[in-house]
Number of protein chains: 2
Amino acid sequence: MKLIATIRSPYKQKFGIPRQFGIIEGVHSRLEFEHNYGDEDALVGLSEFSHLWVVFQFHQSLREEWKSTVKPPRLGGQQKVGVWASRAPFRPNGIGLSVGKIVAIQCQSEGYDRTCIILSGLDILDNTPVFDIKPYLPYADAIDGAVGGFAKEQPETEFLVEFMPLADEQASSKSKQFDVDIKSVIRDILSYEIRPAHQRTTSGKVHRIRLYDFDIKYRYQDAVVIVDALW
Amino acid sequence: MKLIATIRSPYKQKFGIPRQFGIIEGVHSRLEFEHNYGDEDALVGLSEFSHLWVVFQFHQSLREEWKSTVKPPRLGGQQKVGVWASRAPFRPNGIGLSVGKIVAIQCQSEGYDRTCIILSGLDILDNTPVFDIKPYLPYADAIDGAVGGFAKEQPETEFLVEFMPLADEQASSKSKQFDVDIKSVIRDILSYEIRPAHQRTTSGKVHRIRLYDFDIKYRYQDAVVIVDALW
């Protein structure tokens, strides 16, 4: 497989990445073409599409050994399903599939160092290798009446997210730095249950998630997540 | 990339394959797992989903050289678009993406030689290597309001398809043999413009498409396609 592009995203570690694409719209990722694949001609017509499939490598989940079952977070991390009935990253070829909304296309001819596509809603780790991209075709890809097994609905939020004054202040400053509403992104990430099943009784313990260039420090207190600080 | 399965389909040649999946519902394809990947455990939960993504290799379209533009049939085969704005088979990694409806799952424990998934609506060539499969997640994959560039709508049928008495009789016999309405499948294939742009003035010439174990022999007469025989 040839590397055609790399994803640059604010998600710096697997933990805390939204469990499915499309959940966090405000976050922008950058698909950065390798020089030989970013030819401007290769992009003609793409701006007429609203969404783009990204076929990528789960590069931090590659394992020699393959297991036939996984325990998806959507089933509380306790129940097993077959790997072919899941989109879990641990799978024989480690291929991932995600769709992003096309925000902008930046070509080298416009003065950018590399040709890039800016996408929102991707759930892809920073520095992820990309093997292919394909335009989203609504008439074929949006299937009327398709049924979705154990993941029928968008996951529900489970937590109220509260910011301590320091975190609130730091979030405002980070929002300016990255031109995105950081409080709302953090709220979107932490309002879902993201802890593995065996860690769900850790009330009070300080957790961290790396996002953009900072760590989010937060704690659980029953159904509330308290964000203490961003470092 | 590891081969996890192979598609067995009635489409024996690239020419005449529906230009997008989902168009010809009546045709069943078989996804046949390699022995090591057809573990019954790996399929637990899959029967609760209605549709399945198939990530495959365009094995008859692999080329050393890569071209940045393609001429999609949807634009009459005359106009160029960028390869990244198309789903054309000629692309750097030759990866294809298609979705099929799950008709049946056959496990080795049920007496089958190999574990297979029977799918309808696939637009995949016979003997195609498969790299991955993923359940279709309606809440994430069916995007409300997505916009589809030059391929906004399902292609329109352009031809009336008529069967000569011999072809009609042969189609009835083939329908029993393959347990599918062969006349309707042939009609579905031939009612779309499938000729490359430079061959569209070949009125009267006899054409052939290989399907299942036979050739369809047909001719164009203005807006009518006449099926002469199946051999």
# chains A, B, ... in the order shown; residues from 1 in each chain; ligands from 1
$ select_by_dssp --residues "region 66-166 of chain B" --states "strand (DSSP E)" --output "PyMOL selection string"
chain B and resi 69-70+81-82+95-106+116-120+128-135+160-163
$ select_by_dssp --residues "region 26-186 of chain B" --states "alpha helix (DSSP H)" --output "VMD selection string"
chain B and resid 138 to 141 165 to 178 182 to 186
$ closest_residue --among "A:Pro92, A:Gly100, A:Gly148, A:Gly82" --to "Ala42 (chain B)" --atoms "only C-alpha atoms"
A:Gly82
$ closest_residue --among "A:Trp53, A:Phe150, A:Tyr192, A:Tyr11" --to "Asp213 (chain A)" --atoms "only C-alpha atoms"
A:Tyr11
$ interface_residues --of "chain A" --to "chain B" --cutoff "7 Å" --atoms "only C-alpha atoms" --output "compact mmCIF listing (two decimals) with N, CA and C atoms, in the first residue's frame"
# COMPACT_ATOMS: atom_id res chain seq x y z
N MET A 1 0.84 -1.20 0.00
CA MET A 1 0.00 0.00 0.00
C MET A 1 0.87 1.25 0.00
N LYS A 2 0.53 2.18 -0.90
CA LYS A 2 1.26 3.43 -0.95
C LYS A 2 0.60 4.47 -0.03
N PHE A 21 -17.44 8.80 13.55
CA PHE A 21 -17.25 10.09 12.93
C PHE A 21 -18.56 10.89 12.92
N GLY A 22 -18.44 12.18 12.68
CA GLY A 22 -19.63 13.01 12.57
C GLY A 22 -20.13 13.55 13.90
N ASP A 39 -1.28 16.57 -6.77
CA ASP A 39 -1.49 17.21 -8.08
C ASP A 39 -2.87 17.89 -8.13
N ASP A 41 -4.75 18.69 -10.57
CA ASP A 41 -5.67 18.01 -11.50
C ASP A 41 -6.45 16.89 -10.81
N ALA A 42 -5.78 16.22 -9.89
CA ALA A 42 -6.39 15.06 -9.22
C ALA A 42 -7.57 15.44 -8.35
N LEU A 43 -7.73 16.76 -8.11
CA LEU A 43 -8.80 17.24 -7.23
C LEU A 43 -9.94 17.91 -7.98
N VAL A 44 -9.81 18.01 -9.31
CA VAL A 44 -10.84 18.70 -10.10
C VAL A 44 -12.21 18.05 -9.89
N GLY A 45 -13.18 18.84 -9.49
CA GLY A 45 -14.54 18.34 -9.30
C GLY A 45 -14.86 17.99 -7.86
N LEU A 46 -13.83 17.87 -7.03
CA LEU A 46 -14.08 17.44 -5.65
C LEU A 46 -14.87 18.47 -4.84
N GLU A 48 -17.32 20.02 -5.56
CA GLU A 48 -18.78 19.91 -5.74
C GLU A 48 -19.42 18.90 -4.80
N PHE A 49 -18.59 18.13 -4.11
CA PHE A 49 -19.11 17.15 -3.15
C PHE A 49 -19.05 17.74 -1.74
N SER A 50 -19.96 17.32 -0.89
CA SER A 50 -19.97 17.85 0.47
C SER A 50 -19.15 16.99 1.43
N HIS A 51 -19.06 15.70 1.16
CA HIS A 51 -18.39 14.79 2.11
C HIS A 51 -17.41 13.86 1.39
N SER A 68 -10.76 -12.97 16.96
CA SER A 68 -12.02 -13.02 16.23
C SER A 68 -13.15 -12.25 16.92
N THR A 69 -12.97 -11.90 18.18
CA THR A 69 -14.02 -11.14 18.86
C THR A 69 -13.47 -9.86 19.47
N VAL A 81 -18.64 -9.25 20.54
CA VAL A 81 -19.22 -9.46 19.20
C VAL A 81 -18.08 -9.83 18.26
N GLY A 82 -18.44 -10.35 17.12
CA GLY A 82 -17.42 -10.73 16.15
C GLY A 82 -16.75 -9.49 15.56
N VAL A 83 -15.49 -9.63 15.23
CA VAL A 83 -14.77 -8.49 14.68
C VAL A 83 -15.41 -8.02 13.37
N TRP A 84 -16.00 -8.93 12.59
CA TRP A 84 -16.64 -8.54 11.33
C TRP A 84 -17.97 -7.83 11.55
N ALA A 85 -18.50 -7.90 12.76
CA ALA A 85 -19.73 -7.18 13.09
C ALA A 85 -19.40 -5.86 13.78
N SER A 86 -18.14 -5.49 13.79
CA SER A 86 -17.71 -4.27 14.48
C SER A 86 -16.82 -3.44 13.57
N ARG A 87 -16.56 -2.22 14.02
CA ARG A 87 -15.59 -1.38 13.32
C ARG A 87 -14.36 -1.18 14.18
N ASN A 93 -6.43 -6.48 8.68
CA ASN A 93 -5.64 -5.54 7.88
C ASN A 93 -5.57 -4.13 8.47
N PHE A 131 -4.69 5.70 2.77
CA PHE A 131 -4.48 4.87 1.59
C PHE A 131 -5.34 5.32 0.40
N ASP A 132 -6.49 5.91 0.70
CA ASP A 132 -7.39 6.29 -0.40
C ASP A 132 -8.42 7.27 0.13
N ILE A 133 -8.96 8.07 -0.78
CA ILE A 133 -10.13 8.91 -0.47
C ILE A 133 -11.10 8.75 -1.62
N LYS A 134 -12.39 8.86 -1.30
CA LYS A 134 -13.43 8.71 -2.32
C LYS A 134 -14.56 9.68 -2.00
N PRO A 135 -15.13 10.31 -3.03
CA PRO A 135 -16.26 11.20 -2.74
C PRO A 135 -17.45 10.41 -2.19
N TYR A 136 -18.19 11.04 -1.29
CA TYR A 136 -19.41 10.44 -0.75
C TYR A 136 -20.52 10.61 -1.77
N LEU A 137 -21.15 9.51 -2.17
CA LEU A 137 -22.23 9.56 -3.16
C LEU A 137 -23.57 9.33 -2.45
N PRO A 138 -24.30 10.40 -2.19
CA PRO A 138 -25.53 10.24 -1.40
C PRO A 138 -26.49 9.20 -1.98
N TYR A 139 -26.62 9.15 -3.31
CA TYR A 139 -27.65 8.25 -3.86
C TYR A 139 -27.30 6.78 -3.63
N ALA A 140 -26.02 6.50 -3.43
CA ALA A 140 -25.61 5.12 -3.21
C ALA A 140 -25.24 4.84 -1.75
N ASP A 141 -24.59 5.80 -1.09
CA ASP A 141 -24.06 5.55 0.25
C ASP A 141 -25.08 5.76 1.37
N ALA A 142 -26.04 6.64 1.16
CA ALA A 142 -27.05 6.90 2.19
C ALA A 142 -28.21 5.93 1.95
N ILE A 143 -28.17 4.80 2.60
CA ILE A 143 -29.14 3.74 2.31
C ILE A 143 -30.39 3.91 3.17
N ALA A 146 -31.67 1.15 6.14
CA ALA A 146 -30.65 0.23 6.63
C ALA A 146 -30.79 0.08 8.14
N VAL A 147 -30.44 -1.10 8.65
CA VAL A 147 -30.62 -1.40 10.08
C VAL A 147 -29.26 -1.67 10.72
N GLY A 148 -29.07 -1.10 11.91
CA GLY A 148 -27.73 -1.05 12.48
C GLY A 148 -27.43 -1.86 13.73
N GLY A 149 -27.83 -3.11 13.80
CA GLY A 149 -27.41 -4.04 14.86
C GLY A 149 -27.33 -3.42 16.24
N LYS A 152 -27.58 0.93 16.84
CA LYS A 152 -28.68 1.47 16.03
C LYS A 152 -28.72 2.98 16.02
N GLU A 153 -28.44 3.57 17.16
CA GLU A 153 -28.57 5.02 17.29
C GLU A 153 -27.22 5.62 17.60
N GLN A 154 -27.14 6.91 17.38
CA GLN A 154 -25.99 7.66 17.85
C GLN A 154 -25.89 7.42 19.36
$ closest_residue --among "A:His59, A:Gln78, A:Val225, A:Ile7" --to "Met164 (chain A)" --atoms "only C-alpha atoms"
A:Val225
$ atom_distance --atom1 "CA of Arg187 (chain B)" --atom2 "CA of Leu160 (chain B)"
8.1 Å
$ closest_residue --among "A:Ile226, A:Leu119, A:Ile124, A:Val206" --to "Gln60 (chain A)" --atoms "only C-alpha atoms"
A:Ile124
$ atom_distance --atom1 "CA of Val103 (chain B)" --atom2 "CA of Leu122 (chain B)"
11.7 Å
